[in-house]
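**Q** Okay, here's the structure, questions in a sec.
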Amino acid sequence: MPRSHICPSCLTELARIRAVPEPHYRLPIVVCPGCSLACVRTKHPDQAFWRGVRRGVRSGWLIILKGLLLGAMSLVVIFVLGSTINALERADPSTPGLMILPSPLLFDPYGLIPSALLAIGAGCAIRLGFGHLRVWGSLCVLFGAIVLIVASVLVAGAIATVKMKLAGGTSIGSSWEREDLGTLMAGIPIVVSVVALGVFPAELIRAYAKKRAHRRFRKIRRQYIRKQTHAD
Amino acid sequence: MQHKESKPVESIGSINANQIRADRACIHCGFNLYGQVVTKEPHYGLAIATCPECNTVAALQSYPTMSHWVNRFRALLAGLWIMMLLLVFVFQVTSIVTYASGVSSDIGMPLAKAVGEAYDNWLVSNGYPSNKTNWGANSRMYYQWVSVTEPWVDEHLDTVIEEAGGLWKLIEPSSAIGLIPASIGAFFAGVFWSIALLGASRTKAALIPIIASMTAVLVVFGFANAGFVSWQAMEVARRVYLPWMIVPFVALSMPMLLLGVFLGRKIARGVIMLTLPARLRVPFSIFWTRDGLALPKPKFK
């Protein structure tokens with residue numbers, strides 16, 4: 001229920017009348033239906049303070065949740081990228097294993113379906129979570145986060161390697177070769193395009209939600225108008 | 001205040017025009033005055049309503065007296081915020097000292113070996129038994145962990161360092177790489193202080209982490225021997241290198257700290273823009289208004 005607002009002239013309750021900003025100072029004005037007096041609707045300081053606190057807390061939580069969503073989806077895409085690279089390596093005819101075993105045993109295209117679904121799900125979740133950005137913007141946020149995570153891991157590995165070399169030892173990590181980089185470069189466009197596919201279901205969900213909200217708003221407005229008509 | 005003489009005004013439009021038809025709490029007992037008759041008091045002609053529970057008269061032309069609890073909560077929140085900032089300050093000082101201490105232990109490993117070996121030789125030459133054989137397969141680590149005595153350290157440490165070629169020669173160079181993660185941590189500390197101290201300009205906000213770093217240096221110089229209960233060779237080496245390490249450690253992390261302070265608010269604005277739609281950015285508008293910027297308007301797609 002709204003807070004009470006009494007007309008100072010004729011004592012009519014104005015709480016249910018919508019305040020409109022007047023053109024000069026943009027003050028919220030309510031015109032009394034009884035005596036036509038224009039009254040300014042002021043917010044109670046208590047109310048304004050707690051509303052500010054509630055909004056701040058809600059926005060803070062949203063930032064945290066969206067950060068977690070971004071981190072989780074980045075890890076999902078990194079996992080998908082890893083499995084794609086693995087599959088590409090198996091499909092490579094120069095892989096020694098292929099000379100011994102028939103390729104279908106090593107490269108199973110159906111095995112990639114769960115990964116593809118995961119990637120589409122990640123794209124969909126990111127588009128829904130970052131719907132206020134443009135499509136390319138939300139995808140850039142996801143791939144930026146992935147680049148940041150991968151770069152952090154690579155820098156940490158590089159530091160450890162340099163430390164080991166300075167200490168006179170050898171790195172225990174696997175060394176990257178040109179072929180590995182080539183497979184990675186082949187895997188990235190595939191994964192990026194599959195993740196981008198997730199945008200389409202997300203846009204459908206958003207359109208449906210928007211339509212539903214619009215329908216609900218129209219219903220509430222109809223009810224309000226009906227109520228006003230009955231009151232008059 | 002008791003309301004004695006009041007008369008209801010004439011109804012306007014409908015029969016309930018002079019009743020409160022929304023929420024309004026009594027200023028005395030908090031009872032909801034919904035449905036109470038609004039009257040004009042005879043003396044000044046002000047609109048009033050009387051609480052049916054406590055008979056207190058409430059003026060209706062302005063909002064009721066602001067609760068003292070708002071100011072109390074504000075003071076409480078401000079106090080909690082200051083306490084949290086103090087805790088972060090202490091945490092930063094402790095982190096600098098602890099991390100520098102760890103790097104010093106790593107850097108001082110050759111000195112620890114030299115000290116342990118010299119002490120072990122001294123024990124054997126004076127007819128005491130050596131524990132090296134008890135370490136078995138881990139005998140390579142024995143010298144770092146051997147417990148020495150305080151008088152022996154006071155008497156022989158300088159000689160051991162001189163014989164080994166001085167402190168610079170005994171430094172383990174690979175451990176100096178540990179300064180890189182420290183500068184990353186310093187960057188994030190700078191970002192935090194830049195965001196947390198929104199009331200101050202960037203220059204003033206940079207002073208607090210700088211003071212924290214200086215405090216860490218003072219703590220190391222003032223309490224170098226604090227907590228020095230173990231007299232293992234590694235601890236002796238750490239004690240020698242920590243005062244040496246702390247100043248370059250702080251000096252090397254300072255540029256990243258200042259960069260963090262400089263970029264902190266920009267990073268915060270970027271994160272808010274990325275994660276929140278325009279409507280929900282309003283509670284964080286201070287990140288823009290503090291630097292004299294306007295809150296960005298939503299871009300319609």
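Order determines the names: the first chain of the structure tokens is A, the second B, and so forth; residues in each chain are numbered 1 upward, and ligands are numbered 1 upward as they are shown.
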Tell me, counting only C-alpha atoms, for each residue of chain A within 8 Å of chain B, which pair of atoms is nearest and how far apart they are in Å to one decimal, in rows ordered by chain and increasing number, as a Markdown table.
**A**
| residue | atom | partner | partner_atom | distance |
| --- | --- | --- | --- | --- |
| A:Met1 | CA | B:Ala22 | CA | 6.4 |
| A:Pro2 | CA | B:Ala22 | CA | 5.8 |
| A:Arg3 | CA | B:Asp23 | CA | 4.7 |
| A:Ser4 | CA | B:Ala22 | CA | 4.5 |
| A:His5 | CA | B:Leu60 | CA | 7.7 |
| A:Ile6 | CA | B:Leu60 | CA | 6.4 |
| A:Cys7 | CA | B:Gln61 | CA | 7.4 |
| A:Pro8 | CA | B:Gln61 | CA | 5.7 |
| A:Cys10 | CA | B:Ile12 | CA | 7.6 |
| A:Leu11 | CA | B:Asn18 | CA | 5.5 |
| A:Thr12 | CA | B:Ala17 | CA | 5.0 |
| A:Glu13 | CA | B:Ile20 | CA | 6.0 |
| A:Ala15 | CA | B:Ala22 | CA | 6.3 |
| A:Gly34 | CA | B:Ile12 | CA | 6.0 |
| A:His44 | CA | B:Tyr63 | CA | 6.2 |
| A:Pro45 | CA | B:Met66 | CA | 6.8 |
| A:Asp46 | CA | B:Val70 | CA | 6.3 |
| A:Phe49 | CA | B:Val70 | CA | 7.6 |
| A:Gly52 | CA | B:Pro283 | CA | 6.7 |
| A:Arg55 | CA | B:Pro283 | CA | 6.3 |
| A:Gly56 | CA | B:Pro283 | CA | 5.1 |
| A:Ser59 | CA | B:Leu280 | CA | 6.1 |
| A:Leu62 | CA | B:Leu276 | CA | 7.5 |
| A:Ile63 | CA | B:Thr275 | CA | 5.9 |
| A:Lys66 | CA | B:Thr275 | CA | 6.5 |
| A:Gly67 | CA | B:Thr275 | CA | 7.8 |
| A:Phe130 | CA | B:Thr275 | CA | 6.5 |
| A:His132 | CA | B:Pro277 | CA | 5.3 |
| A:Leu133 | CA | B:Leu274 | CA | 7.4 |
| A:Arg134 | CA | B:Lys301 | CA | 7.4 |
| A:Val141 | CA | B:Leu274 | CA | 7.8 |
| A:Ile159 | CA | B:Ile177 | CA | 7.2 |
| A:Val162 | CA | B:Ser174 | CA | 7.8 |
| A:Lys163 | CA | B:Ser174 | CA | 5.0 |
| A:Met164 | CA | B:Ser174 | CA | 7.2 |
| A:Lys165 | CA | B:Ser174 | CA | 7.9 |
| A:Leu166 | CA | B:Ser174 | CA | 4.9 |
| A:Ala167 | CA | B:Ser174 | CA | 5.3 |
**Q** CA of Leu118 in chain A to CA of Ser193 in chain A: how many Å, to one decimal?
**A** 12.9 Å
**Q** Taking 5 positions as the minimum chain separation for residues in the same chain, which residues sit within 10 Å of Glu53 in chain B when counting only C-alpha atoms? Answer as JSON, numbers by chain.
**A** {"B": [26, 28, 29, 30, 31, 32, 33]}
**Q** Pick out the residues sitting within 12 Å of Thr149 in chain B, and hand them over as a list in words; count only C-alpha atoms, and ignore anything fewer than 6 positions along from it in its own chain.
**A**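 Contacts, with the query itself left out: Val115, Gly116, Tyr119, Asp120, Trp122, Leu123, Glu155, His156, Leu157, Val229, Ser230, Trp231, Gln232, Ala233, Glu235 and Val236 of chain B.
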**Q** Could you please determine the separation between CA of Gly144 in chain A and CA of Ala189 in chain B in Å, to one decimal place?
**A**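 The value is 22.4 Å.
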**Q** Residues near Leu112 in chain A, anyone? I mean within 12 Å using only C-alpha atoms, not counting same-chain ones fewer than 2 positions away, as a ChimeraX atom specification.
**A** /A:79-88,107-110,114-119,190-191,194
**Q** Report as number ranges by chain all protein, DNA and RNA residues lying within 12 Å of Leu139 in chain A, evaluated on only C-alpha atoms, omitting residues in the same chain fewer than 6 positions from it.
**A** A: 70, 73-74, 77, 120, 122-131, 133, 145-146, 192-199; B: 274
**Q** Find the residues around Ser130 in chain B up to 12 Å (only C-alpha atoms counted), leave out those fewer than 5 positions away in its own chain, and share them as a VMD selection string.
**A** chain B and resid 116 to 125 135 139 142 to 143 146 to 148
**Q** Selected residues, N, CA, C and O atoms, written as a PDB file, in the first residue's frame, please.
**A**
ATOM      1  N   GLY B 116      73.980 -23.729   8.924  1.00  0.00           N
ATOM      2  CA  GLY B 116      73.752 -25.075   9.459  1.00  0.00           C
ATOM      3  C   GLY B 116      75.012 -25.932   9.363  1.00  0.00           C
ATOM      4  O   GLY B 116      75.357 -26.649  10.316  1.00  0.00           O
ATOM      5  N   GLU B 117      75.684 -25.821   8.222  1.00  0.00           N
ATOM      6  CA  GLU B 117      76.899 -26.634   8.026  1.00  0.00           C
ATOM      7  C   GLU B 117      78.005 -26.205   9.002  1.00  0.00           C
ATOM      8  O   GLU B 117      78.666 -27.037   9.616  1.00  0.00           O
ATOM      9  N   ALA B 118      78.138 -24.862   9.137  1.00  0.00           N
ATOM     10  CA  ALA B 118      79.175 -24.354  10.054  1.00  0.00           C
ATOM     11  C   ALA B 118      78.880 -24.788  11.490  1.00  0.00           C
ATOM     12  O   ALA B 118      79.789 -25.178  12.233  1.00  0.00           O
ATOM     13  N   TYR B 119      77.608 -24.744  11.863  1.00  0.00           N
ATOM     14  CA  TYR B 119      77.248 -25.125  13.230  1.00  0.00           C
ATOM     15  C   TYR B 119      77.496 -26.622  13.448  1.00  0.00           C
ATOM     16  O   TYR B 119      78.014 -27.023  14.495  1.00  0.00           O
ATOM     17  N   ASP B 120      77.154 -27.409  12.428  1.00  0.00           N
ATOM     18  CA  ASP B 120      77.349 -28.852  12.541  1.00  0.00           C
ATOM     19  C   ASP B 120      78.838 -29.186  12.668  1.00  0.00           C
ATOM     20  O   ASP B 120      79.244 -30.021  13.496  1.00  0.00           O
ATOM     21  N   ASN B 121      79.646 -28.496  11.846  1.00  0.00           N
ATOM     22  CA  ASN B 121      81.104 -28.704  11.932  1.00  0.00           C
ATOM     23  C   ASN B 121      81.632 -28.301  13.297  1.00  0.00           C
ATOM     24  O   ASN B 121      82.507 -28.955  13.860  1.00  0.00           O
ATOM     25  N   TRP B 122      81.057 -27.190  13.802  1.00  0.00           N
ATOM     26  CA  TRP B 122      81.496 -26.700  15.119  1.00  0.00           C
ATOM     27  C   TRP B 122      81.146 -27.726  16.203  1.00  0.00           C
ATOM     28  O   TRP B 122      81.950 -27.978  17.107  1.00  0.00           O
ATOM     29  N   LEU B 123      79.948 -28.335  16.084  1.00  0.00           N
ATOM     30  CA  LEU B 123      79.536 -29.353  17.056  1.00  0.00           C
ATOM     31  C   LEU B 123      80.503 -30.532  17.045  1.00  0.00           C
ATOM     32  O   LEU B 123      80.976 -30.992  18.094  1.00  0.00           O
ATOM     33  N   VAL B 124      80.821 -30.997  15.840  1.00  0.00           N
ATOM     34  CA  VAL B 124      81.687 -32.176  15.701  1.00  0.00           C
ATOM     35  C   VAL B 124      83.089 -31.870  16.225  1.00  0.00           C
ATOM     36  O   VAL B 124      83.680 -32.667  16.955  1.00  0.00           O
ATOM     37  N   SER B 125      83.580 -30.643  15.860  1.00  0.00           N
ATOM     38  CA  SER B 125      84.941 -30.298  16.295  1.00  0.00           C
ATOM     39  C   SER B 125      85.030 -30.119  17.805  1.00  0.00           C
ATOM     40  O   SER B 125      86.102 -30.213  18.389  1.00  0.00           O
ATOM     41  N   TRP B 135      68.796 -38.006   9.835  1.00  0.00           N
ATOM     42  CA  TRP B 135      67.911 -37.485   8.791  1.00  0.00           C
ATOM     43  C   TRP B 135      67.805 -38.446   7.604  1.00  0.00           C
ATOM     44  O   TRP B 135      66.942 -38.282   6.753  1.00  0.00           O
ATOM     45  N   SER B 139      68.994 -35.934   4.293  1.00  0.00           N
ATOM     46  CA  SER B 139      70.156 -35.253   4.873  1.00  0.00           C
ATOM     47  C   SER B 139      70.512 -33.976   4.118  1.00  0.00           C
ATOM     48  O   SER B 139      71.163 -33.091   4.673  1.00  0.00           O
ATOM     49  N   TYR B 142      69.070 -31.159   5.911  1.00  0.00           N
ATOM     50  CA  TYR B 142      69.408 -31.116   7.342  1.00  0.00           C
ATOM     51  C   TYR B 142      69.956 -29.747   7.763  1.00  0.00           C
ATOM     52  O   TYR B 142      69.536 -29.173   8.764  1.00  0.00           O
ATOM     53  N   TYR B 143      70.873 -29.238   6.935  1.00  0.00           N
ATOM     54  CA  TYR B 143      71.556 -27.997   7.346  1.00  0.00           C
ATOM     55  C   TYR B 143      70.597 -26.817   7.506  1.00  0.00           C
ATOM     56  O   TYR B 143      70.803 -25.943   8.321  1.00  0.00           O
ATOM     57  N   VAL B 146      68.675 -27.386  10.915  1.00  0.00           N
ATOM     58  CA  VAL B 146      69.420 -27.651  12.153  1.00  0.00           C
ATOM     59  C   VAL B 146      69.203 -26.500  13.147  1.00  0.00           C
ATOM     60  O   VAL B 146      69.170 -25.336  12.769  1.00  0.00           O
ATOM     61  N   SER B 147      68.991 -26.857  14.409  1.00  0.00           N
ATOM     62  CA  SER B 147      68.773 -25.831  15.435  1.00  0.00           C
ATOM     63  C   SER B 147      70.102 -25.374  16.001  1.00  0.00           C
ATOM     64  O   SER B 147      70.905 -26.206  16.453  1.00  0.00           O
ATOM     65  N   VAL B 148      70.293 -24.066  15.913  1.00  0.00           N
ATOM     66  CA  VAL B 148      71.547 -23.505  16.430  1.00  0.00           C
ATOM     67  C   VAL B 148      71.249 -22.795  17.752  1.00  0.00           C
ATOM     68  O   VAL B 148      70.088 -22.634  18.125  1.00  0.00           O
TER      69      VAL B 148
END
**Q** Separation of CA of Arg26 in chain A and CA of Val57 in chain A, in Å?
**A**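 These two atoms are separated by 27.6 Å.
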**Q** Output as an NGL selection string all residues of range 26-225 of chain A that backbone DSSP marks as strand (DSSP E).
**A** :A and (28-31 or 38-40)
**Q** Write out the residues from the selection above, keeping C-alpha atoms, as a CSV table (one decimal), in the first residue's frame.
**A**
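What ended up in part35.csv:
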chain,number,residue,atom,x,y,z
A,28,PRO,CA,6.7,15.3,-8.6
A,29,ILE,CA,3.4,17.1,-8.6
A,30,VAL,CA,0.0,15.7,-7.6
A,31,VAL,CA,-3.1,17.7,-8.5
A,38,ALA,CA,-1.0,21.2,-6.9
A,39,CYS,CA,1.0,19.5,-4.1
A,40,VAL,CA,4.6,18.3,-4.2
**Q** Counting only C-alpha atoms, figure out which residue out of B:Ile82, B:Ile96, B:Leu111, B:Leu87 gets nearest to Arg239 in chain B.
**A**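 Comparing B:Ile82, B:Ile96, B:Leu111, B:Leu87 against Arg239 in chain B, the winner is B:Leu111.
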